[in-house]
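*Asks:* This structure is in structure tokens; I'll ask about it shortly.
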Amino acid sequence: MSTAIAAGADAPLWQFGAFVRVWFARLVGTAGNQMLMVAVGWQLYDLTGSAWDLGLVGLLQFAPALLLVLVAGHVVDRFHRARILALCFGTQAAVALVLVLASTQGWAGRGLLLGLSVVLGVVRAFQMPAQQAITPLLVPAAVLPRALAFSSAGTQGAIIAGPALGGFVYVAGAAAVYASCTALFGLATALALAVRYHHAPRGPQAMTLDSLLAGVRFVAGRPVVLGAISLDLFAVLLGGATALLPMFAKDILQVGPWGLGLLRGAPAAGALSMSLLLSRWPVRRRAGRLLLGAVAVYGAATFGFALSTSLALSIGLLAVSGAADMVSVVIRQTLVQLETPDEMRGRVSAVNSVFIGASNQLGEFESGATAALLGPVGSVVLGGLGSIAIAVLWYRLFPALARRDALVEARP
């Protein structure tokens with residue numbers, strides 16, 4: 001039984017105290033993570049000058065999520081999800097502290113940066129499903145679409161502020177950025193520890209192959225859920241350009257760390273604007289068509305960014321891609337959470353997190369690898385066209401998803 005009190009679809013989100021604390025924890029933790037990744041990316045590119053290494057950071061963060069997906073889902077379904085979040089934020093604080101010491105004492109090398117990327121990948125394997133699965137416990141189902149949109153607004157706000165702040169602080173050195181991240185992750189840990197909701201321990205449950213694979217079977221047996229989850233995997237896997245932004249900033253647009261921070265924050269600026277609109281006016285009709293259309297717009301904006309040689313135009317196109325992606329994110333996450341019973345949400349969210357991780361971290365590796373062959377412009381052009389093609393293909397492969405009208409369907 002959730003601690004979310006009975007309320008209508010238009011109830012103020014601030015009346016759900018546990019949701020608010022999780023919201024602030026994600027806000028602070030995401031800002032710290034974004035600052036951390038800007039610093040790691042710039043420091044690594046300074047050390048090696050290699051597009052391959054930039055992509056390798058993404059691969060090393062994705063691999064643990066893939067290996068631990070079944071275990072992470074089982075853990076999230078069995079244990080207190082807020083405590084799992086606190087442990088994840090605390091581990092990231094420890095990683096940032098190690099980087100402070102390494103940068104100030106001169107032993108921050110390629111091996112350390114890549115090794116800590118693996119640690120961050122392990123953390124992500126548990127943090128993402130815990131974050132996804134906890135929100136439906138904190139608000140009523142009727143409020144969930146707005147709560148997810150508002151959560152995304154906070155996250156995107158942090159993604160805007162984090163890279164921009166990280167880029168400016170980096171002028172004082174990598175250690176200054178890592179020290180700031182340590183403080184932010186510490187605050188996020190404290191906020192997560194303060195979250196209270198009714199958690200009924202499910203008792204000892206053997207970690208059998210059958211229980212571990214339950215989430216996979218659930219997703220495979222529901223075309224709407226499978227289509228929504230896999231759409232993100234292939235669209236963003238092909239269309240993502242985040243890993244190559246240091247190359248665009250330094251070699252094509254010829255700006256420094258401050259410019260990189262603006263470029264990394266631009267998609268989040270568009271996403272923030274869209275998420276605020278969706279938290280006020282949630283999607284109520286034609287959800288499937290809006291989802292596929294948003295993916296096509298995302299691909300077109302990515303294609304335009306690849307050909308741009310103007311910093312202002314590049315920022316604008318990245319903002320459009322972020323706004324389109326946010327429409328996709330809110331619709332997909334709402335569908336997945338509402339179609340999944342609570343006792344399965346951890347395992348289904350773990351499967352979903354692997355797809356998201358593949359689209360982001362593995363997408364960064366794909367971008368780095370294709371950039372090594374085709375150059376950064378060729379890599380992103382190919383990715384943008386690929387995202388458009390995926391939207392068209394998914395319309396045919398998943399007709400139930402394309403025809404989905406209301407997000408919250410009436411139950412008999």
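How things are named: the first chain in the structure tokens is A, the next is B, and so on; residues count from 1 in each chain; ligands count from 1 in the order shown.
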Counting only C-alpha atoms, what is within 12 Å of Gly384 (chain A), bar same-chain residues fewer than 2 positions away, as number ranges by chain?

*Replies:* A: 234-241, 295-307, 317-318, 321, 367, 377-382, 386-391

*Asks:* Residues within 7 Å of Thr30 (chain A), please, as JSON, numbers by chain. Count only C-alpha atoms; anything in the same chain fewer than 4 positions from it doesn't count.

*Replies:* {"A": [26, 34, 155, 158, 159]}

*Asks:* Restricting the output to N, CA and C atoms, write the selected residues as a compact mmCIF listing (two decimals), in the first residue's frame.

*Replies:*
# COMPACT_ATOMS: atom_id res chain seq x y z
N ARG A 26 16.93 13.79 -6.67
CA ARG A 26 17.28 13.58 -8.08
C ARG A 26 17.83 14.85 -8.71
N GLN A 34 26.07 15.34 -13.94
CA GLN A 34 26.35 16.06 -15.18
C GLN A 34 27.67 16.84 -15.09
N THR A 155 14.92 17.15 -13.40
CA THR A 155 16.11 16.50 -13.93
C THR A 155 16.72 17.31 -15.06
N ALA A 158 18.51 20.35 -13.88
CA ALA A 158 19.84 20.00 -13.38
C ALA A 158 20.80 19.71 -14.52
N ILE A 159 20.28 19.12 -15.59
CA ILE A 159 21.14 18.83 -16.74
C ILE A 159 21.56 20.12 -17.44

*Asks:* Which residue is closest to Leu291 (chain A)? Choose from A:Arg332, A:Arg146, A:Lys250, A:His74 and count only C-alpha atoms.

*Replies:*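 Comparing A:Arg332, A:Arg146, A:Lys250, A:His74 against Leu291 (chain A), the winner is A:Arg332.
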
*Asks:* In Å, with one decimal, what is the gap from CA of Leu407 (chain A) to CA of Leu66 (chain A)?

*Replies:* 28.7 Å

*Asks:* Out of A:Ile252, A:Ala11, A:Met37, A:Val20, which residue has the shortest atom-to-atom distance to Leu99 (chain A) when counting only C-alpha atoms?

*Replies:*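 Comparing A:Ile252, A:Ala11, A:Met37, A:Val20 against Leu99 (chain A), the winner is A:Met37.
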
*Asks:* Calculated over only C-alpha atoms, which of the candidates A:Gly227, A:Gly162, A:Pro145, A:Pro246 has the smallest distance to Gln337 (chain A)?

*Replies:*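 Looking at the shortest contact to Gln337 (chain A), the residue is A:Pro145.
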
*Asks:* Within 8 Å of Phe355 (chain A), counting only C-alpha atoms, which residues show up once you throw out same-chain ones fewer than 5 positions away? Write them as JSON, numbers by chain, please.

*Replies:* {"A": [229, 230, 232, 233]}

*Asks:* Which residues are close to Pro341 (chain A), i.e. within 12 Å by only C-alpha atoms, leaving aside same-chain residues fewer than 4 positions away? Reply as a tab-separated table (two decimals) with N, CA and C atoms, in the first residue's frame.

*Replies:*
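Okay, selection31.tsv is ready:
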chain	number	residue	atom	x	y	z
A	77	ASP	N	12.85	-4.68	-6.26
A	77	ASP	CA	11.53	-5.18	-5.90
A	77	ASP	C	11.47	-5.68	-4.46
A	133	ALA	N	10.95	3.06	-10.29
A	133	ALA	CA	9.95	2.25	-9.59
A	133	ALA	C	9.41	2.92	-8.33
A	136	PRO	N	5.69	5.72	-8.58
A	136	PRO	CA	4.29	5.28	-8.47
A	136	PRO	C	3.87	4.96	-7.04
A	137	LEU	N	4.82	4.77	-6.12
A	137	LEU	CA	4.49	4.53	-4.71
A	137	LEU	C	4.20	5.82	-3.96
A	141	ALA	N	-2.22	7.05	-9.11
A	141	ALA	CA	-2.07	6.78	-10.54
A	141	ALA	C	-2.55	7.95	-11.40
A	215	GLY	N	10.78	-10.12	-15.19
A	215	GLY	CA	10.64	-8.81	-15.83
A	215	GLY	C	10.80	-8.90	-17.34
A	218	PHE	N	7.65	-10.38	-18.75
A	218	PHE	CA	6.56	-9.41	-18.69
A	218	PHE	C	6.64	-8.43	-19.86
A	219	VAL	N	7.83	-7.88	-20.10
A	219	VAL	CA	8.01	-6.92	-21.20
A	219	VAL	C	7.75	-7.59	-22.55
A	335	LEU	N	3.57	5.06	-19.73
A	335	LEU	CA	3.02	3.80	-20.22
A	335	LEU	C	3.62	2.61	-19.48
A	336	VAL	N	4.94	2.60	-19.31
A	336	VAL	CA	5.61	1.47	-18.68
A	336	VAL	C	5.16	1.33	-17.22
A	337	GLN	N	5.13	2.44	-16.48
A	337	GLN	CA	4.78	2.36	-15.06
A	337	GLN	C	3.31	1.99	-14.85
A	345	ARG	N	7.57	-3.86	-10.68
A	345	ARG	CA	8.12	-2.62	-11.22
A	345	ARG	C	9.65	-2.57	-11.17
A	346	GLY	N	10.25	-3.14	-10.12
A	346	GLY	CA	11.71	-3.12	-10.05
A	346	GLY	C	12.34	-3.88	-11.19
A	347	ARG	N	11.83	-5.08	-11.46
A	347	ARG	CA	12.40	-5.90	-12.52
A	347	ARG	C	12.11	-5.33	-13.91
A	348	VAL	N	10.90	-4.82	-14.10
A	348	VAL	CA	10.59	-4.20	-15.39
A	348	VAL	C	11.39	-2.91	-15.56
A	349	SER	N	11.53	-2.13	-14.49
A	349	SER	CA	12.31	-0.90	-14.58
A	349	SER	C	13.78	-1.20	-14.83

*Asks:* With distances taken over only C-alpha atoms, which residue among A:Ala164, A:Val225, A:Leu70, A:Val40 lies nearest Leu338 (chain A)?

*Replies:* A:Val225

*Asks:* With only C-alpha atoms as the basis for distance, which of A:Ala369, A:Leu101, A:Ala149, A:Val75 is at the shortest distance from Val330 (chain A)?

*Replies:*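 Residue with the minimum atom-to-atom distance to Val330 (chain A): A:Ala149.
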
*Asks:* Neighbouring residues of region 106-111 of chain A were defined as those with any atom within 9 Å, considering only C-alpha atoms; residues of the same chain fewer than 2 positions away were excluded. Please report them as a list in words.

*Replies:*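 Neighbouring residues, sequence-local ones excluded: Gln43, Leu44, Leu47, Thr48, Asp53, Leu99, Leu101, Ala102, Ser103, Thr104, Leu113, Leu114, Gly115 and Leu116 of chain A.
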
*Asks:* Write out as number ranges by chain each polymer residue whose atoms come within 8 Å of Ile331 (chain A), counting only C-alpha atoms; drop sequence neighbours fewer than 2 positions from it.

*Replies:* A: 283, 287, 291, 327-329, 333-335, 407

*Asks:* Select, from A:Ala324, A:Ala96, A:Leu144, A:Cys181, the residue with the minimum atom-to-atom distance to Gly32 (chain A), counting only C-alpha atoms.

*Replies:*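 Ranked by minimum distance to Gly32 (chain A), first place goes to A:Cys181.
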
*Asks:* Please provide the set of residues having any atom within 8 Å of Arg81 (chain A), restricted to only C-alpha atoms, with same-chain residues fewer than 5 positions apart removed, written as an mmCIF file with C-alpha atoms, in the first residue's frame.

*Replies:*
data_model
loop_
_atom_site.group_PDB
_atom_site.id
_atom_site.type_symbol
_atom_site.label_atom_id
_atom_site.label_comp_id
_atom_site.auth_asym_id
_atom_site.auth_seq_id
_atom_site.Cartn_x
_atom_site.Cartn_y
_atom_site.Cartn_z
ATOM 1 C CA VAL A 76 14.690 -3.071 -6.172
ATOM 2 C CA ALA A 130 14.996 2.398 -8.164
ATOM 3 C CA GLN A 131 14.199 5.936 -9.386
ATOM 4 C CA ALA A 133 9.951 2.252 -9.588
ATOM 5 C CA ILE A 134 9.634 4.532 -6.552
#

*Asks:* Between CA of Leu67 (chain A) and CA of Ile84 (chain A), measure the distance and give it in Å to one decimal.

*Replies:*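 Spanning CA of Leu67 (chain A) to CA of Ile84 (chain A) is a straight-line distance of 18.2 Å.
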
*Asks:* Using DSSP on the backbone, list every residue of region 54-262 of chain A that comes out as alpha helix (DSSP H), and give them as number ranges by chain.

*Replies:* A: 54-78, 81-105, 110-138, 144-169, 174-193, 209-212, 214-220, 223-239, 245-247, 257-262

*Asks:* Can you tell me how far CA of Ser50 (chain A) sits from CA of Met35 (chain A), in Å to one decimal?

*Replies:*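 According to the coordinates, CA of Ser50 (chain A) and CA of Met35 (chain A) are separated by 20.6 Å.
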